[in-house]
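> Structure incoming, see below.
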Amino acid sequence: WLIALAFFFAKGFIKTGLGNRVAYLFVSLFGKTTLGLSYSLVFSEALLSPAIPSLAARAGGIFLPLVRALSEACGSRPDDGTEKKLGAYLMQTSFQTSCVSSAMFLTAMAANPLSANLAAAAIGTTISWTQWATAAIVPGLVSLITIPLLMYVIFPPEVKNSPEAPAQAKEQLKAMGPMSSDEKVMAVTLVVTVGLWIFGGSFGIGSVAAAICGLGILLTFGTVTWKECLGQGVAWDTLTWFAALIAMADYLNKYGLIKWFSNGVTDLVGGLGLAWQASLLILTLLYFYSHYLFASGAAHIGAM
């Protein structure tokens, strides 16, 4: 239910335009140079990731259209051979870092709660929203800081300054006008919900209960309607399929298949006589490259 509720939150962000406002605000403040522009896009996307649990929704609904508009404003277009001036660098950087932000928070990607539920079913370990964020925040921030710099070196943009980007962002903010009442409700709801995800455990409030409280606020003020929630087919599909996958994993564990598979892998890798570091590297590489066989992260995690 947590991931389905988070999809309803994503609907509110896109409907109210709050996601675009946050992105344009970052760009207007830090986008004078190409590197600053990339960081403004990276960290605004990371800021929104806990409340928008779909990489496709964040990228396709907010950031990739924004990157294209900013690139074209700086004279970089894919159809006239000028893509390497700015657009190619921003697109590559945004794509690479969006994968990082998707792993930083339990609600940033549909597959993350599935991972947590499978862990609970297999080994009896419950991972809370706060525990997930605490474990991921340091490597996540290091990656978000490093990737734009690394891309700047190995895939450098021809344009090093982007004065047009802040100007366009300010124009867009001016066109959007002051925050609407729906945007304010959405912003307050985000703060309340994330606050409950972080501190709610101390008061016996679980992640799902916190998300229900947030959705209740949005429905009460009409920021999101129940009819719009019912129209979120992806959310209901995710809820249905994840329930089936979790039930399947529970029975696989119950009948010993997971234990048998784990022992087999342990014997195979352990039989090589390698140190645990090398064994971990082999398992990581196997998991990483096996992703080519799956169309989504959720399918990959559910199968392996």
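Convention: chains lettered A, B, ... in structure tokens order; per-chain residue numbering from 1; ligands numbered from 1 as shown.
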Please tabulate, as a tab-separated table, the residues of stretch 144-262 of chain A that come within 10 Å of stretch 38-57 of chain A, each with its closest pair of atoms and the distance in Å to one decimal, counting only C-alpha atoms and ordering rows by chain, then residue number upward.

```
residue	atom	partner	partner_atom	distance
A:Leu144	CA	A:Val42	CA	7.0
A:Ile145	CA	A:Tyr39	CA	7.8
A:Ile147	CA	A:Val42	CA	9.7
A:Pro148	CA	A:Ser38	CA	6.7
A:Leu149	CA	A:Tyr39	CA	9.4
A:Tyr152	CA	A:Ser38	CA	9.6
A:Leu190	CA	A:Ala51	CA	7.2
A:Thr193	CA	A:Ala51	CA	9.0
A:Val194	CA	A:Pro50	CA	7.9
A:Ala211	CA	A:Ala51	CA	9.8
A:Val234	CA	A:Ser54	CA	9.7
A:Ala235	CA	A:Pro53	CA	9.9
```
> Emit the selected residues as a PDB file, in the first residue's frame, including all heavy atoms.

```
ATOM      1  N   LEU A 144      25.800  11.628  -6.011  1.00  0.00           N
ATOM      2  CA  LEU A 144      25.168  12.789  -6.646  1.00  0.00           C
ATOM      3  C   LEU A 144      26.162  13.932  -6.837  1.00  0.00           C
ATOM      4  O   LEU A 144      26.047  14.707  -7.791  1.00  0.00           O
ATOM      5  CB  LEU A 144      23.983  13.272  -5.809  1.00  0.00           C
ATOM      6  CG  LEU A 144      22.773  12.334  -5.735  1.00  0.00           C
ATOM      7  CD1 LEU A 144      21.677  12.957  -4.881  1.00  0.00           C
ATOM      8  CD2 LEU A 144      22.235  11.998  -7.118  1.00  0.00           C
ATOM      9  N   ILE A 145      27.120  14.051  -5.932  1.00  0.00           N
ATOM     10  CA  ILE A 145      28.147  15.088  -6.064  1.00  0.00           C
ATOM     11  C   ILE A 145      29.195  14.700  -7.098  1.00  0.00           C
ATOM     12  O   ILE A 145      29.677  15.539  -7.874  1.00  0.00           O
ATOM     13  CB  ILE A 145      28.812  15.353  -4.696  1.00  0.00           C
ATOM     14  CG1 ILE A 145      27.803  15.981  -3.736  1.00  0.00           C
ATOM     15  CG2 ILE A 145      30.036  16.260  -4.852  1.00  0.00           C
ATOM     16  CD1 ILE A 145      28.292  16.069  -2.302  1.00  0.00           C
ATOM     17  N   ILE A 147      29.052  12.305  -9.738  1.00  0.00           N
ATOM     18  CA  ILE A 147      28.663  11.980 -11.117  1.00  0.00           C
ATOM     19  C   ILE A 147      28.679  13.199 -12.041  1.00  0.00           C
ATOM     20  O   ILE A 147      29.232  13.126 -13.147  1.00  0.00           O
ATOM     21  CB  ILE A 147      27.298  11.268 -11.140  1.00  0.00           C
ATOM     22  CG1 ILE A 147      27.435   9.860 -10.569  1.00  0.00           C
ATOM     23  CG2 ILE A 147      26.743  11.189 -12.572  1.00  0.00           C
ATOM     24  CD1 ILE A 147      26.130   9.116 -10.416  1.00  0.00           C
ATOM     25  N   PRO A 148      28.091  14.346 -11.657  1.00  0.00           N
ATOM     26  CA  PRO A 148      28.173  15.502 -12.561  1.00  0.00           C
ATOM     27  C   PRO A 148      29.605  15.923 -12.862  1.00  0.00           C
ATOM     28  O   PRO A 148      29.922  16.299 -14.000  1.00  0.00           O
ATOM     29  CB  PRO A 148      27.422  16.595 -11.799  1.00  0.00           C
ATOM     30  CG  PRO A 148      26.465  15.863 -10.929  1.00  0.00           C
ATOM     31  CD  PRO A 148      27.204  14.639 -10.497  1.00  0.00           C
ATOM     32  N   LEU A 149      30.490  15.849 -11.857  1.00  0.00           N
ATOM     33  CA  LEU A 149      31.900  16.177 -12.072  1.00  0.00           C
ATOM     34  C   LEU A 149      32.555  15.181 -13.017  1.00  0.00           C
ATOM     35  O   LEU A 149      33.308  15.555 -13.928  1.00  0.00           O
ATOM     36  CB  LEU A 149      32.652  16.193 -10.738  1.00  0.00           C
ATOM     37  CG  LEU A 149      32.384  17.390  -9.821  1.00  0.00           C
ATOM     38  CD1 LEU A 149      33.043  17.152  -8.463  1.00  0.00           C
ATOM     39  CD2 LEU A 149      32.896  18.675 -10.445  1.00  0.00           C
ATOM     40  N   TYR A 152      31.376  15.699 -16.451  1.00  0.00           N
ATOM     41  CA  TYR A 152      31.950  16.955 -16.949  1.00  0.00           C
ATOM     42  C   TYR A 152      33.328  16.724 -17.550  1.00  0.00           C
ATOM     43  O   TYR A 152      33.754  17.423 -18.464  1.00  0.00           O
ATOM     44  CB  TYR A 152      32.041  17.954 -15.795  1.00  0.00           C
ATOM     45  CG  TYR A 152      32.208  19.393 -16.206  1.00  0.00           C
ATOM     46  CD1 TYR A 152      31.122  20.143 -16.634  1.00  0.00           C
ATOM     47  CD2 TYR A 152      33.457  20.015 -16.140  1.00  0.00           C
ATOM     48  CE1 TYR A 152      31.261  21.478 -17.001  1.00  0.00           C
ATOM     49  CE2 TYR A 152      33.603  21.345 -16.508  1.00  0.00           C
ATOM     50  CZ  TYR A 152      32.505  22.069 -16.930  1.00  0.00           C
ATOM     51  OH  TYR A 152      32.661  23.398 -17.299  1.00  0.00           O
ATOM     52  N   LEU A 190       3.700  17.284   2.026  1.00  0.00           N
ATOM     53  CA  LEU A 190       4.989  16.613   1.853  1.00  0.00           C
ATOM     54  C   LEU A 190       5.817  16.697   3.129  1.00  0.00           C
ATOM     55  O   LEU A 190       6.382  15.697   3.589  1.00  0.00           O
ATOM     56  CB  LEU A 190       5.760  17.244   0.691  1.00  0.00           C
ATOM     57  CG  LEU A 190       7.203  16.739   0.501  1.00  0.00           C
ATOM     58  CD1 LEU A 190       7.203  15.256   0.155  1.00  0.00           C
ATOM     59  CD2 LEU A 190       7.905  17.544  -0.582  1.00  0.00           C
ATOM     60  N   THR A 193       4.228  14.447   5.835  1.00  0.00           N
ATOM     61  CA  THR A 193       4.358  13.019   5.553  1.00  0.00           C
ATOM     62  C   THR A 193       5.792  12.548   5.720  1.00  0.00           C
ATOM     63  O   THR A 193       6.057  11.515   6.365  1.00  0.00           O
ATOM     64  CB  THR A 193       3.868  12.709   4.125  1.00  0.00           C
ATOM     65  OG1 THR A 193       2.533  13.188   3.970  1.00  0.00           O
ATOM     66  CG2 THR A 193       3.891  11.210   3.871  1.00  0.00           C
ATOM     67  N   VAL A 194       6.748  13.276   5.141  1.00  0.00           N
ATOM     68  CA  VAL A 194       8.155  12.888   5.281  1.00  0.00           C
ATOM     69  C   VAL A 194       8.574  12.976   6.746  1.00  0.00           C
ATOM     70  O   VAL A 194       9.335  12.129   7.241  1.00  0.00           O
ATOM     71  CB  VAL A 194       9.059  13.771   4.388  1.00  0.00           C
ATOM     72  CG1 VAL A 194      10.530  13.471   4.660  1.00  0.00           C
ATOM     73  CG2 VAL A 194       8.746  13.537   2.918  1.00  0.00           C
ATOM     74  N   ALA A 211       1.583   7.768   5.241  1.00  0.00           N
ATOM     75  CA  ALA A 211       1.160   8.062   3.870  1.00  0.00           C
ATOM     76  C   ALA A 211      -0.353   8.249   3.786  1.00  0.00           C
ATOM     77  O   ALA A 211      -0.846   9.110   3.041  1.00  0.00           O
ATOM     78  CB  ALA A 211       1.613   6.937   2.932  1.00  0.00           C
ATOM     79  N   VAL A 234      -1.360   2.760 -12.973  1.00  0.00           N
ATOM     80  CA  VAL A 234      -0.047   2.234 -12.602  1.00  0.00           C
ATOM     81  C   VAL A 234       0.003   1.898 -11.114  1.00  0.00           C
ATOM     82  O   VAL A 234       0.565   0.873 -10.709  1.00  0.00           O
ATOM     83  CB  VAL A 234       1.061   3.247 -12.956  1.00  0.00           C
ATOM     84  CG1 VAL A 234       2.411   2.758 -12.457  1.00  0.00           C
ATOM     85  CG2 VAL A 234       1.107   3.480 -14.457  1.00  0.00           C
ATOM     86  N   ALA A 235      -0.605   2.747 -10.286  1.00  0.00           N
ATOM     87  CA  ALA A 235      -0.602   2.510  -8.845  1.00  0.00           C
ATOM     88  C   ALA A 235      -1.343   1.219  -8.500  1.00  0.00           C
ATOM     89  O   ALA A 235      -0.854   0.394  -7.709  1.00  0.00           O
ATOM     90  CB  ALA A 235      -1.238   3.694  -8.120  1.00  0.00           C
TER      91      ALA A 235
END
```
> Neighbouring residues of stretch 224-229 of chain A were defined as those with any atom within 8 Å, considering only C-alpha atoms; residues of the same chain fewer than 3 positions away were excluded. Please report them as a list in words.
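Here the answer would be Phe8, Lys11, Gly12, Leu218, Leu219, Phe221 and Gln232 of chain A.
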> Export, as a compact mmCIF listing (two decimals), in the first residue's frame, the selected residues with all heavy atoms.

```txt
# COMPACT_ATOMS: atom_id res chain seq x y z
N PHE A 8 -0.15 8.27 -5.62
CA PHE A 8 -1.17 9.31 -5.52
C PHE A 8 -0.53 10.66 -5.17
O PHE A 8 -0.97 11.71 -5.64
CB PHE A 8 -2.21 8.92 -4.46
CG PHE A 8 -2.90 7.61 -4.73
CD1 PHE A 8 -3.38 6.83 -3.69
CD2 PHE A 8 -3.06 7.14 -6.02
CE1 PHE A 8 -4.01 5.62 -3.93
CE2 PHE A 8 -3.70 5.93 -6.28
CZ PHE A 8 -4.17 5.17 -5.22
N LYS A 11 0.83 12.17 -8.30
CA LYS A 11 -0.23 12.83 -9.06
C LYS A 11 -0.42 14.26 -8.58
O LYS A 11 -0.57 15.19 -9.38
CB LYS A 11 -1.54 12.03 -8.92
CG LYS A 11 -2.76 12.70 -9.54
CD LYS A 11 -2.62 12.83 -11.05
CE LYS A 11 -3.87 13.46 -11.66
NZ LYS A 11 -3.73 13.64 -13.12
N GLY A 12 -0.37 14.46 -7.26
CA GLY A 12 -0.53 15.79 -6.71
C GLY A 12 0.60 16.72 -7.11
O GLY A 12 0.38 17.90 -7.43
N LEU A 218 -4.64 15.68 1.37
CA LEU A 218 -4.84 16.05 -0.04
C LEU A 218 -6.29 15.87 -0.46
O LEU A 218 -6.86 16.71 -1.18
CB LEU A 218 -3.92 15.21 -0.94
CG LEU A 218 -2.42 15.39 -0.76
CD1 LEU A 218 -1.65 14.47 -1.71
CD2 LEU A 218 -2.00 16.84 -0.99
N LEU A 219 -6.93 14.78 -0.02
CA LEU A 219 -8.32 14.54 -0.38
C LEU A 219 -9.25 15.54 0.32
O LEU A 219 -10.23 16.01 -0.27
CB LEU A 219 -8.72 13.11 0.00
CG LEU A 219 -8.06 11.98 -0.80
CD1 LEU A 219 -8.42 10.63 -0.20
CD2 LEU A 219 -8.48 12.04 -2.27
N PHE A 221 -8.67 18.64 1.19
CA PHE A 221 -8.59 19.98 0.60
C PHE A 221 -8.86 19.96 -0.91
O PHE A 221 -8.82 21.01 -1.55
CB PHE A 221 -7.22 20.59 0.87
CG PHE A 221 -7.04 21.08 2.27
CD1 PHE A 221 -6.52 20.24 3.25
CD2 PHE A 221 -7.42 22.36 2.64
CE1 PHE A 221 -6.36 20.68 4.56
CE2 PHE A 221 -7.26 22.81 3.94
CZ PHE A 221 -6.73 21.97 4.91
N GLN A 232 -5.39 6.28 -11.48
CA GLN A 232 -3.96 5.99 -11.49
C GLN A 232 -3.74 4.48 -11.70
O GLN A 232 -3.49 3.73 -10.76
CB GLN A 232 -3.30 6.45 -10.19
CG GLN A 232 -3.27 7.96 -10.02
CD GLN A 232 -2.36 8.62 -11.04
OE1 GLN A 232 -1.16 8.36 -11.10
NE2 GLN A 232 -2.94 9.47 -11.87
```
> Show me, as a tab-separated table, the residues of stretch 168-217 of chain A having an atom within 12 Å of stretch 71-92 of chain A, each with the closest atom pair and its distance in Å, using only C-alpha atoms.

```
residue	atom	partner	partner_atom	distance
A:Gln168	CA	A:Ala73	CA	7.4
A:Ala169	CA	A:Ala73	CA	10.2
A:Glu171	CA	A:Ala73	CA	11.8
```
> Restricting it to N, CA, C and O atoms, dump the selection as a CSV table (one decimal), in the first residue's frame.

```csv
chain,number,residue,atom,x,y,z
A,168,GLN,N,15.5,32.0,-18.2
A,168,GLN,CA,14.3,31.3,-18.6
A,168,GLN,C,13.6,30.7,-17.4
A,168,GLN,O,12.3,30.8,-17.3
A,169,ALA,N,14.3,30.2,-16.4
A,169,ALA,CA,13.7,29.7,-15.2
A,169,ALA,C,12.9,30.8,-14.5
A,169,ALA,O,11.8,30.6,-14.0
A,171,GLU,N,11.6,33.5,-15.9
A,171,GLU,CA,10.5,33.8,-16.7
A,171,GLU,C,9.3,32.8,-16.4
A,171,GLU,O,8.2,33.1,-16.3
```
> Between atom CA of A:Ile14 and atom CA of A:Ala187, what distance in Å does the model show, to one decimal?
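Rounded to one decimal, the two atoms are 12.3 Å apart.
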> Which of these, A:Cys99, A:Gly177, A:Leu18, A:Gly124, has the shortest distance to A:Ser143 once you count only C-alpha atoms?
A:Cys99
> Mind pulling up the distance from atom CA of A:Ala111 to atom CA of A:Leu285?
19.2 Å
